[in-house]
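File shown: upload-v7.pdb. Contents: PDB, C-alpha atoms.
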```
ATOM      1  CA  MET A  11       0.000   0.000   0.000
ATOM      2  CA  LYS A  12       1.439   3.362  -1.044
ATOM      3  CA  ARG A  13       1.286   5.991   1.673
ATOM      4  CA  ASP A  14       0.801   9.616   0.704
ATOM      5  CA  ILE A  15       3.270  11.735   2.678
ATOM      6  CA  TYR A  16       1.379  14.930   1.917
ATOM      7  CA  LEU A  17      -1.383  15.362   4.474
ATOM      8  CA  ASN A  18      -3.661  18.385   4.603
ATOM      9  CA  GLY A  19      -4.240  19.821   8.043
ATOM     10  CA  ASP A  20      -7.415  21.500   9.251
ATOM     11  CA  ASN A  21      -5.475  24.779   9.409
ATOM     12  CA  GLY A  22      -4.956  24.997   5.629
ATOM     13  CA  LEU A  23      -1.335  23.873   5.841
ATOM     14  CA  THR A  24       0.063  20.779   4.187
ATOM     15  CA  TYR A  25       2.504  18.610   6.079
ATOM     16  CA  GLY A  26       5.257  16.705   4.340
ATOM     17  CA  ARG A  27       8.243  14.806   5.638
ATOM     18  CA  GLY A  28      10.219  17.470   7.498
ATOM     19  CA  TYR A  29       8.333  20.567   6.291
ATOM     20  CA  VAL A  30       4.998  22.402   6.432
ATOM     21  CA  TYR A  31       3.760  24.621   3.611
ATOM     22  CA  SER A  32       0.906  26.492   1.983
ATOM     23  CA  LEU A  33       1.784  27.573  -1.582
ATOM     24  CA  GLN A  34      -0.898  28.710  -3.988
ATOM     25  CA  TYR A  35      -0.397  30.409  -7.336
ATOM     26  CA  HIS A  36      -2.790  32.132  -9.732
ATOM     27  CA  ILE A  37      -1.584  31.247 -13.239
ATOM     28  CA  VAL A  38      -2.828  32.741 -16.511
ATOM     29  CA  TRP A  39      -1.681  31.931 -20.047
ATOM     30  CA  CYS A  40      -3.087  32.633 -23.497
ATOM     31  CA  THR A  41      -3.456  30.847 -26.784
ATOM     32  CA  LYS A  42      -1.074  31.779 -29.581
ATOM     33  CA  TYR A  43      -2.123  35.037 -31.266
ATOM     34  CA  ARG A  44      -4.905  35.207 -28.652
ATOM     35  CA  ARG A  45      -7.088  33.108 -30.994
ATOM     36  CA  ALA A  46     -10.424  32.032 -29.515
ATOM     37  CA  VAL A  47      -9.941  28.308 -30.220
ATOM     38  CA  LEU A  48     -10.814  26.782 -26.830
ATOM     39  CA  LYS A  49     -14.498  26.242 -27.506
ATOM     40  CA  ASP A  50     -16.853  23.650 -29.006
ATOM     41  CA  GLY A  51     -15.630  20.878 -26.726
ATOM     42  CA  ALA A  52     -11.942  21.814 -26.736
ATOM     43  CA  ASP A  53     -12.500  23.765 -23.507
ATOM     44  CA  ASP A  54     -13.967  20.746 -21.699
ATOM     45  CA  ASP A  55     -11.202  18.487 -23.001
ATOM     46  CA  CYS A  56      -8.626  21.035 -21.844
ATOM     47  CA  LYS A  57     -10.110  21.035 -18.320
ATOM     48  CA  ALA A  58     -10.038  17.234 -18.208
ATOM     49  CA  LEU A  59      -6.417  17.188 -19.419
ATOM     50  CA  LEU A  60      -5.358  19.767 -16.815
ATOM     51  CA  LEU A  61      -7.013  17.765 -14.026
ATOM     52  CA  ALA A  62      -5.315  14.574 -15.243
ATOM     53  CA  LEU A  63      -1.915  16.312 -15.276
ATOM     54  CA  ALA A  64      -2.506  17.650 -11.762
ATOM     55  CA  GLY A  65      -3.231  14.138 -10.534
ATOM     56  CA  GLU A  66      -0.223  12.679 -12.309
ATOM     57  CA  TYR A  67       2.213  15.299 -10.972
ATOM     58  CA  ARG A  68       0.596  15.558  -7.526
ATOM     59  CA  PHE A  69      -0.495  19.163  -7.318
ATOM     60  CA  LYS A  70      -4.021  20.433  -6.750
ATOM     61  CA  ILE A  71      -6.131  22.651  -8.956
ATOM     62  CA  LEU A  72      -8.272  24.690  -6.555
ATOM     63  CA  ALA A  73     -10.055  26.767  -9.222
ATOM     64  CA  MET A  74      -9.979  26.670 -13.011
ATOM     65  CA  GLU A  75     -11.640  28.395 -15.945
ATOM     66  CA  VAL A  76     -10.875  27.796 -19.601
ATOM     67  CA  MET A  77     -11.864  30.769 -21.723
ATOM     68  CA  PRO A  78     -11.832  30.708 -25.541
ATOM     69  CA  ASP A  79      -8.438  32.459 -25.658
ATOM     70  CA  HIS A  80      -6.857  31.989 -22.218
ATOM     71  CA  ILE A  81      -6.772  29.867 -19.057
ATOM     72  CA  HIS A  82      -6.963  30.775 -15.366
ATOM     73  CA  LEU A  83      -5.744  28.317 -12.736
ATOM     74  CA  LEU A  84      -5.400  28.511  -8.974
ATOM     75  CA  VAL A  85      -3.017  25.739  -7.954
ATOM     76  CA  ASP A  86      -1.638  24.411  -4.680
ATOM     77  CA  VAL A  87       1.862  22.945  -5.080
ATOM     78  CA  THR A  88       4.670  21.488  -2.976
ATOM     79  CA  PRO A  89       7.792  23.575  -2.295
ATOM     80  CA  GLN A  90       9.846  21.163  -4.411
ATOM     81  CA  PHE A  91       7.857  21.976  -7.553
ATOM     82  CA  ASN A  92       9.775  24.211  -9.957
ATOM     83  CA  ILE A  93       7.239  26.695 -11.361
ATOM     84  CA  PRO A  94       8.666  26.924 -14.919
ATOM     85  CA  ASP A  95       8.649  23.108 -15.068
ATOM     86  CA  MET A  96       5.010  23.049 -13.982
ATOM     87  CA  ILE A  97       4.079  25.575 -16.696
ATOM     88  CA  ARG A  98       5.979  23.524 -19.291
ATOM     89  CA  ILE A  99       4.160  20.360 -18.186
ATOM     90  CA  LEU A 100       0.742  22.049 -18.285
ATOM     91  CA  LYS A 101       1.201  23.794 -21.622
ATOM     92  CA  GLY A 102       3.085  20.987 -23.373
ATOM     93  CA  GLY A 103       0.832  18.193 -22.148
ATOM     94  CA  THR A 104      -2.400  19.950 -23.017
ATOM     95  CA  ALA A 105      -1.203  21.195 -26.429
ATOM     96  CA  ARG A 106      -0.050  17.783 -27.571
ATOM     97  CA  LYS A 107      -3.255  16.040 -26.543
ATOM     98  CA  LEU A 108      -5.616  18.808 -27.664
ATOM     99  CA  PHE A 109      -4.089  18.716 -31.164
ATOM    100  CA  LEU A 110      -4.730  14.957 -31.259
ATOM    101  CA  LEU A 111      -8.310  15.307 -29.978
ATOM    102  CA  HIS A 112      -9.117  18.399 -32.089
ATOM    103  CA  PRO A 113      -7.002  18.430 -35.278
ATOM    104  CA  GLU A 114      -8.979  21.440 -36.549
ATOM    105  CA  LEU A 115      -7.080  23.595 -34.020
ATOM    106  CA  LYS A 116      -3.879  23.404 -36.090
ATOM    107  CA  GLY A 117      -5.660  25.042 -39.029
ATOM    108  CA  LYS A 118      -6.599  28.033 -36.855
ATOM    109  CA  LEU A 119      -3.060  28.600 -35.559
ATOM    110  CA  TRP A 120       0.161  29.225 -37.462
ATOM    111  CA  GLY A 121       3.273  27.199 -36.847
ATOM    112  CA  GLY A 122       1.631  24.395 -34.895
ATOM    113  CA  HIS A 123       1.783  26.130 -31.506
ATOM    114  CA  LEU A 124      -1.301  26.257 -29.296
ATOM    115  CA  TRP A 125       0.065  28.440 -26.495
ATOM    116  CA  ASN A 126       1.721  31.816 -26.361
ATOM    117  CA  PRO A 127       5.178  31.302 -24.779
ATOM    118  CA  SER A 128       4.516  33.816 -21.989
ATOM    119  CA  TYR A 129       2.454  33.421 -18.829
ATOM    120  CA  CYS A 130       1.547  35.325 -15.687
ATOM    121  CA  ILE A 131       1.949  33.799 -12.231
ATOM    122  CA  VAL A 132       1.045  35.517  -8.961
ATOM    123  CA  THR A 133       1.392  34.184  -5.439
ATOM    124  CA  VAL A 134      -1.843  33.953  -3.477
ATOM    125  CA  SER A 135      -2.035  34.570   0.265
ATOM    126  CA  GLU A 136      -4.490  33.153   2.771
ATOM    127  CA  ARG A 137      -6.147  36.576   2.781
ATOM    128  CA  SER A 138      -6.628  36.762  -0.977
ATOM    129  CA  ARG A 139      -7.319  33.113  -1.850
ATOM    130  CA  GLU A 140     -11.113  33.318  -1.689
ATOM    131  CA  MET A 141     -11.136  36.504  -3.771
ATOM    132  CA  VAL A 142      -8.943  34.906  -6.445
ATOM    133  CA  GLU A 143     -11.203  31.826  -6.526
ATOM    134  CA  GLN A 144     -14.237  34.089  -7.068
ATOM    135  CA  TYR A 145     -12.387  36.041  -9.765
ATOM    136  CA  ILE A 146     -11.524  32.849 -11.655
ATOM    137  CA  GLU A 147     -15.016  31.377 -11.305
ATOM    138  CA  SER A 148     -16.603  34.596 -12.582
ATOM    139  CA  GLN A 149     -14.565  34.694 -15.813
ATOM    140  CA  LYS A 150     -17.222  33.059 -18.001
ATOM    141  CA  GLU A 151     -19.819  35.575 -16.774
ATOM    142  CA  LYS A 152     -17.836  38.568 -17.992
ATOM    143  CA  GLU A 153     -16.833  37.183 -21.358
ATOM    144  CA  TRP A 154     -15.965  39.844 -23.903
ATOM    145  CA  GLY A 155     -18.998  41.162 -25.790
ATOM    146  CA  GLY A 156     -17.194  41.732 -29.113
ATOM    147  CA  ILE A 157     -17.131  45.543 -29.111
ATOM    148  CA  GLY A 158     -13.691  47.167 -29.259
ATOM    149  CA  ARG A 159     -10.573  45.247 -28.378
ATOM    150  CA  PRO A 160     -10.726  42.273 -26.002
ATOM    151  CA  PRO A 161      -9.933  43.090 -22.366
ATOM    152  CA  ARG A 162      -6.251  42.852 -21.503
ATOM    153  CA  ASP A 163      -6.269  40.197 -18.825
ATOM    154  CA  LEU A 164      -2.734  40.871 -17.679
ATOM    155  CA  GLU A 165      -3.635  44.486 -16.896
ATOM    156  CA  ARG A 166      -6.795  43.417 -15.074
ATOM    157  CA  LEU A 167      -4.921  40.712 -13.179
ATOM    158  CA  GLN A 168      -2.181  43.131 -12.121
ATOM    159  CA  ALA A 169      -4.750  45.707 -11.028
ATOM    160  CA  TYR A 170      -6.635  43.062  -9.115
ATOM    161  CA  HIS A 171      -3.579  41.856  -7.193
ATOM    162  CA  ARG A 172      -2.161  45.338  -6.568
ATOM    163  CA  GLY A 173      -5.491  46.469  -5.176
ATOM    164  CA  MET A 174      -5.450  43.828  -2.438
ATOM    165  CA  GLY A 175      -3.383  45.723   0.093
ATOM    166  CA  GLY A 176      -0.420  47.276  -1.650
ATOM    167  CA  SER A 177       1.277  50.533  -0.757
ATOM    168  CA  LYS A 178      -0.143  53.950  -1.557
ATOM    169  CA  ASP A 179       2.129  54.189  -4.617
ATOM    170  CA  GLN A 180       0.756  50.908  -5.916
ATOM    171  CA  SER A 181      -2.811  52.172  -5.454
ATOM    172  CA  GLU A 182      -2.005  55.114  -7.719
ATOM    173  CA  ASP A 183      -0.603  52.715 -10.355
ATOM    174  CA  VAL A 184      -3.816  50.681 -10.235
ATOM    175  CA  ARG A 185      -5.906  53.758 -10.992
ATOM    176  CA  ASN A 186      -4.008  54.224 -14.256
ATOM    177  CA  VAL A 187      -5.012  50.733 -15.475
ATOM    178  CA  GLN A 188      -8.783  51.299 -15.215
ATOM    179  CA  PRO A 189     -10.053  47.704 -15.368
ATOM    180  CA  GLU A 190     -13.410  47.197 -17.056
ATOM    181  CA  ASP A 191     -14.618  44.758 -14.386
ATOM    182  CA  PRO A 192     -16.729  46.457 -11.640
ATOM    183  CA  ALA A 193     -15.582  43.835  -9.127
ATOM    184  CA  LEU A 194     -11.992  44.939  -9.663
ATOM    185  CA  GLN A 195     -12.826  48.634  -9.472
ATOM    186  CA  GLN A 196     -13.961  48.260  -5.858
ATOM    187  CA  HIS A 197     -10.304  47.620  -4.955
ATOM    188  CA  LEU A 198      -9.155  50.890  -6.498
TER     189      LEU A 198
END
```
Written as structure tokens, how would this file's structure read?
Amino acid sequence: MKRDIYLNGDNGLTYGRGYVYSLQYHIVWCTKYRRAVLKDGADDDCKALLLALAGEYRFKILAMEVMPDHIHLLVDVTPQFNIPDMIRILKGGTARKLFLLHPELKGKLWGGHLWNPSYCIVTVSERSREMVEQYIESQKEKEWGGIGRPPRDLERLQAYHRGMGGSKDQSEDVRNVQPEDPALQQHL
């Protein structure tokens, strides 16, 4: 019988052999050229693939939303997990399998790449975790209506995280971003 050395405590901490931790990250990455290709079943397959990868590599997905042109994840990982390796695993594993499940995706993207090479990752504190979960879960509700340019998620994400208790100088920076989401504006 295999024994799992990672035990979750009632206090929100995880106990391993010789260490205690609580590490959560909000991760966002986009499709190549910001093409809206994660729809018509590809979004559901992407969610299933991400959950399978999380199980295989032993990290937890606490919240997830797959939008047509980007992905939001809130993950809980061990301290030994190298973040760039985790991103490579998530992007590489999903791209390979999504192209096999949905060959039509290759025709919508140039060069055979599903994901943009960049990503955004932000640490999440105990204080902000619930707010980040709500933000991720509400993404489908505020989907872009098609007028003007699509919202710049990186700007909104930065404004959201800066508005959660930064310094006065950071508050002034947030005001310059002017996110379109009313839920984010309450933090300004």
Set the distance at 10 Å and use only C-alpha atoms: which residues neighbour region 37-53 of chain A once local chain neighbours fewer than 2 positions away are removed? I'd like the list as JSON, numbers by chain. {"A": [34, 35, 55, 56, 57, 58, 59, 74, 75, 76, 77, 78, 79, 80, 81, 82, 83, 84, 85, 97, 101, 105, 108, 109, 111, 112, 114, 115, 116, 118, 119, 120, 121, 122, 123, 124, 125, 126, 127, 128, 129, 130, 131, 132, 133, 146, 160, 163, 164, 167]}
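Going from CA of Ser138 (chain A) over to CA of His36 (chain A), you cover 10.6 Å.
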What does the PyMOL selection byres ((chain A and resi 89) around 10) select in this file, as a VMD selection string? chain A and resid 26 29 to 33 86 to 88 90 to 93
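Atom to atom, CA of Gly103 (chain A) and CA of Leu63 (chain A) stand 7.6 Å apart.
Taking CA of Thr104 (chain A) and CA of Leu60 (chain A) as endpoints, the distance between them is 6.9 Å.
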